[in-house]
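**Student:** The structure that follows is given in the form of structure tokens.
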Amino acid sequence: MRLLSYLLDGAPRYGAAVDGGVVDLTRRIGRDYSDVKALIAANALAYVQEAVAGQKPDHALDKLVLLPPVLAPEKLWCIGVNYAERNAEYKDNSDLPKYPSLFVRSMSSMTGSGQPLEKPKVSDQLDYEGELVIVIGQGGRHIPREQAWSHIFGMTLCNEGTIRDWLRHGKFNVTQGKNFDRSGSIGPWIVTSDELDPRGPHDIVTRVNGEVRQQDTTERLMFPFDFLISYLSTFATLKPGDMIVTGTPTGAGARFDPPRWLKAGDVVEVESSRIGVLRNTVAAEQ
């Protein structure tokens with residue numbers, strides 16, 4: 001099943017993407033579950049499948065303003081330097097990392113598929129980072145690695161947009177450059193684990209104006225999904241709807257010589273063949 005959130009008449013709603021459009025779940029089961037996060041927390045996928053079965057679409061997908069599928073996750077974890085060769089891109093002669101690099105983003109830094117990515121006034125260094133995202137279903141603390149797969153509700157996509165020069169404003173953190181309003185995107189929907197085995201393998205491709213810039217597969221992750229869930233849950237309780245953005249392949253704009261920053265009018269697409277396409281156009285901050 002493909003679950004998504006969207007705006008209708010200015011109000012957030014959620015639904016299931018089906019052939020021909022979107023079935024409005026807010027109208028059908030909203031009395032029981034207020035949004036996608038509530039549905040995940042209740043482990044109510046079977047109930048939703050029953051509600052969708054045989055229903056005709058209520059809306060055309062291309063007429064909707066899409067939002068990130070989970071509107072208010074408690075945690076949005078982001079993993080850095082996770083694909084083979086990514087460590088070498090830093091050209092610092094460092095050993096391969098023993099543990100994942102980790103930072104957090106606020107949801108105000110994310111927008112939905114089809115919505116503008118905002119290039120800020122204060123920098124010309126807006127960069128793209130295409131990534132796969134795992135969405136937590138069953139929460140927990142100290143989750144054994146061998147049990148981690150059962151804690152994944154589904155998968156989605158992220159363009160983990162970054163303002164490169166703002167990554168280095170502080171001595172020890174990258175938070176500023178990772179949290180500009182509307183600089184990244186998540187979506188277009190969550191594909192649930194009953195239809196998409198998170199064990200993979202999963203491909204990931206990033207295109208800018210149709211040109212392939214990043215391309216890789218989860219077979220080359222240094223820290224696989226099950227390891228990340230076990231590691232993160234060692235120090236923080238994972239909650240239903242939490243999202244883990246699992247790292248970007250080589251080929252971000254900063255790694256070209258000269259760098260290839262995004263500019264207004266550019267179209268960025270992040271695609272995985274079993275999930276779909278996350279597509280956004282860059283717009284200058286007004």
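If you're wondering about the labels, chains in the structure tokens are A, B, ... by order shown, residues count from 1 in each chain, ligands from 1 in order shown.
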What's the 9 Å shell around Gln147 of chain A, counting only C-alpha atoms, without same-chain residues fewer than 4 positions away, as a list in words?
**Tutor:**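 In the requested format, the answer is Ile143, His151, Asp226 and Ser230 of chain A.
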**Student:** Return as a PyMOL selection string the full set of residues in segment 34-254 of chain A whose backbone-based DSSP assignment is strand (DSSP E or B).
**Tutor:** chain A and resi 59+65-67+76-80+83+101-104+110-111+117-119+126-127+130-136+140+152-159+162-163+184-192+203-208+211-217+221+238+243-245
**Student:** With 10 Å as the cut-off and only C-alpha atoms counted, what is the closest atom pair between each nearby residue of segment 85-183 of chain A and segment 48-69 of chain A? Distances in Å to one decimal, ordered by chain and number, as CSV.
**Tutor:**
residue,atom,partner,partner_atom,distance
A:Met107,CA,A:Pro68,CA,8.6
A:Met110,CA,A:Pro68,CA,7.4
A:Thr111,CA,A:Pro68,CA,6.1
A:Gly112,CA,A:Leu67,CA,4.1
A:Ser113,CA,A:Leu66,CA,5.9
A:Gly114,CA,A:Leu66,CA,6.8
A:Gln115,CA,A:Leu66,CA,7.4
A:Val135,CA,A:Pro69,CA,9.9
A:Thr156,CA,A:Pro69,CA,8.4
A:Leu157,CA,A:Pro68,CA,9.8
A:Cys158,CA,A:Pro68,CA,9.5
**Student:** Can you pull out every residue within 12 Å of Tyr33 of chain A, counting only C-alpha atoms, but drop anything in the same chain fewer than 3 positions away, and send it as a tab-separated table (two decimals) with C-alpha atoms, in the first residue's frame?
**Tutor:**
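That gives us result_1.tsv:
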chain	number	residue	atom	x	y	z
A	13	ARG	CA	-5.65	14.91	4.96
A	14	TYR	CA	-4.29	11.47	4.19
A	15	GLY	CA	-5.04	8.68	1.79
A	25	LEU	CA	-8.83	7.87	4.18
A	26	THR	CA	-9.57	10.94	6.28
A	27	ARG	CA	-13.16	10.75	5.09
A	28	ARG	CA	-13.43	6.97	5.48
A	29	ILE	CA	-11.55	6.21	8.72
A	30	GLY	CA	-10.58	9.62	10.09
A	36	VAL	CA	-0.76	8.46	9.01
A	37	LYS	CA	1.21	8.57	12.26
A	38	ALA	CA	-1.86	7.54	14.27
A	39	LEU	CA	-2.53	4.72	11.83
A	40	ILE	CA	1.06	3.47	12.19
A	41	ALA	CA	0.92	3.67	15.98
A	42	ALA	CA	-2.30	1.62	16.04
A	43	ASN	CA	-0.83	-1.05	13.74
A	44	ALA	CA	-3.99	-0.62	11.69
A	45	LEU	CA	-2.76	-1.47	8.20
A	47	TYR	CA	-8.05	-2.08	8.73
A	48	VAL	CA	-6.93	0.41	6.09
**Student:** For segment 116-133 of chain A, find every residue with an atom within 8 Å (counting only C-alpha atoms), except residues of its own chain fewer than 5 positions away, and show them as an MDAnalysis selection string.
**Tutor:** chainID A and resid 111 155:165 180:185 204:206 214 243:249 252:254 260:264 268 270 272 280:286
**Student:** According to DSSP computed on the backbone, where in segment 5-226 of chain A is there alpha helix (DSSP H)? Give the residues as number ranges by chain.
**Tutor:** A: 25-29, 36-41, 45-52, 86-89, 225-226
**Student:** Just write the chosen residues, N, CA, C and O atoms, as a CSV table (one decimal), in the first residue's frame.
**Tutor:**
chain,number,residue,atom,x,y,z
A,25,LEU,N,-8.6,8.6,2.9
A,25,LEU,CA,-8.8,7.9,4.2
A,25,LEU,C,-9.3,8.8,5.3
A,25,LEU,O,-9.9,8.2,6.3
A,26,THR,N,-9.1,10.0,5.2
A,26,THR,CA,-9.6,10.9,6.3
A,26,THR,C,-11.1,10.9,6.3
A,26,THR,O,-11.7,10.8,7.4
A,27,ARG,N,-11.7,10.8,5.2
A,27,ARG,CA,-13.2,10.7,5.1
A,27,ARG,C,-13.7,9.4,5.5
A,27,ARG,O,-14.7,9.3,6.2
A,28,ARG,N,-12.9,8.3,5.2
A,28,ARG,CA,-13.4,7.0,5.5
A,28,ARG,C,-13.1,6.5,6.9
A,28,ARG,O,-13.9,5.8,7.5
A,29,ILE,N,-11.9,6.8,7.4
A,29,ILE,CA,-11.6,6.2,8.7
A,29,ILE,C,-11.0,7.3,9.7
A,29,ILE,O,-10.4,6.9,10.7
A,36,VAL,N,-1.6,9.6,9.3
A,36,VAL,CA,-0.8,8.5,9.0
A,36,VAL,C,0.0,8.0,10.3
A,36,VAL,O,0.1,6.8,10.5
A,37,LYS,N,0.5,8.9,11.0
A,37,LYS,CA,1.2,8.6,12.3
A,37,LYS,C,0.3,7.8,13.2
A,37,LYS,O,0.7,6.8,13.8
A,38,ALA,N,-0.9,8.2,13.4
A,38,ALA,CA,-1.9,7.5,14.3
A,38,ALA,C,-2.2,6.1,13.7
A,38,ALA,O,-2.3,5.2,14.5
A,39,LEU,N,-2.3,6.0,12.5
A,39,LEU,CA,-2.5,4.7,11.8
A,39,LEU,C,-1.4,3.8,12.1
A,39,LEU,O,-1.6,2.6,12.4
A,40,ILE,N,-0.1,4.3,11.9
A,40,ILE,CA,1.1,3.5,12.2
A,40,ILE,C,1.1,3.0,13.7
A,40,ILE,O,1.3,1.9,14.0
A,41,ALA,N,0.9,4.0,14.6
A,41,ALA,CA,0.9,3.7,16.0
A,41,ALA,C,-0.1,2.6,16.4
A,41,ALA,O,0.2,1.8,17.3
A,45,LEU,N,-2.9,-1.3,9.6
A,45,LEU,CA,-2.8,-1.5,8.2
A,45,LEU,C,-3.8,-2.4,7.6
A,45,LEU,O,-4.4,-2.1,6.6
A,46,ALA,N,-4.1,-3.5,8.3
A,46,ALA,CA,-5.2,-4.4,7.8
A,46,ALA,C,-6.5,-3.7,7.7
A,46,ALA,O,-7.3,-3.9,6.8
A,47,TYR,N,-6.8,-2.8,8.7
A,47,TYR,CA,-8.1,-2.1,8.7
A,47,TYR,C,-8.1,-1.1,7.5
A,47,TYR,O,-9.2,-1.0,6.9
A,48,VAL,N,-7.0,-0.5,7.2
A,48,VAL,CA,-6.9,0.4,6.1
A,48,VAL,C,-7.1,-0.3,4.8
A,48,VAL,O,-7.8,0.1,3.9
A,49,GLN,N,-6.5,-1.5,4.7
A,49,GLN,CA,-6.6,-2.3,3.4
A,49,GLN,C,-8.0,-2.6,3.2
A,49,GLN,O,-8.5,-2.6,2.1
A,50,GLU,N,-8.8,-3.0,4.2
A,50,GLU,CA,-10.2,-3.3,4.1
A,50,GLU,C,-11.0,-2.1,3.7
A,50,GLU,O,-11.9,-2.2,2.9
A,51,ALA,N,-10.6,-0.9,4.2
A,51,ALA,CA,-11.3,0.3,3.9
A,51,ALA,C,-11.1,0.8,2.4
A,51,ALA,O,-12.0,1.4,1.8
A,52,VAL,N,-9.9,0.4,1.9
A,52,VAL,CA,-9.6,0.8,0.5
A,52,VAL,C,-10.1,-0.2,-0.5
A,52,VAL,O,-10.4,0.2,-1.7
A,86,ARG,N,32.0,7.1,0.0
A,86,ARG,CA,31.6,8.4,0.6
A,86,ARG,C,32.7,8.9,1.5
A,86,ARG,O,33.0,10.1,1.5
A,87,ASN,N,33.3,8.0,2.3
A,87,ASN,CA,34.3,8.5,3.2
A,87,ASN,C,35.5,9.1,2.4
A,87,ASN,O,36.1,10.1,2.8
A,88,ALA,N,35.8,8.5,1.3
A,88,ALA,CA,37.0,8.9,0.4
A,88,ALA,C,36.7,10.3,-0.2
A,88,ALA,O,37.6,11.1,-0.4
A,89,GLU,N,35.4,10.7,-0.3
A,89,GLU,CA,35.1,12.0,-0.9
A,89,GLU,C,35.6,13.1,0.0
A,89,GLU,O,35.8,14.2,-0.5
A,225,PHE,N,20.2,-1.1,7.2
A,225,PHE,CA,19.0,-0.7,7.9
A,225,PHE,C,18.9,-1.3,9.3
A,225,PHE,O,18.5,-0.7,10.3
A,226,ASP,N,19.1,-2.7,9.4
A,226,ASP,CA,18.9,-3.3,10.7
A,226,ASP,C,19.9,-2.9,11.7
A,226,ASP,O,19.6,-2.7,12.9
**Student:** Taking 6 positions as the minimum chain separation for residues in the same chain, which residues sit within 9 Å of Gly140 of chain A when counting only C-alpha atoms? Answer as a VMD selection string.
**Tutor:** chain A and resid 151 233 236 to 240
**Student:** Please determine, counting only C-alpha atoms, which residue among A:Gly241, A:Gly265, A:Gly170, A:Pro259 has the shortest atom-to-atom distance to Pro73 of chain A.
**Tutor:**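 That would be A:Gly241, the residue with the smallest distance to Pro73 of chain A.
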**Student:** Take atom CA of Val18 of chain A and atom CA of Gly200 of chain A and report the distance between them in Å, one decimal.
**Tutor:**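 Atom CA of Gly200 of chain A lies at a distance of 22.8 Å from atom CA of Val18 of chain A.
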**Student:** Report, in Å to a single decimal, how far apart atom CA of Gln138 of chain A and atom CA of Ala72 of chain A are.
**Tutor:**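 It comes out at 16.4 Å.
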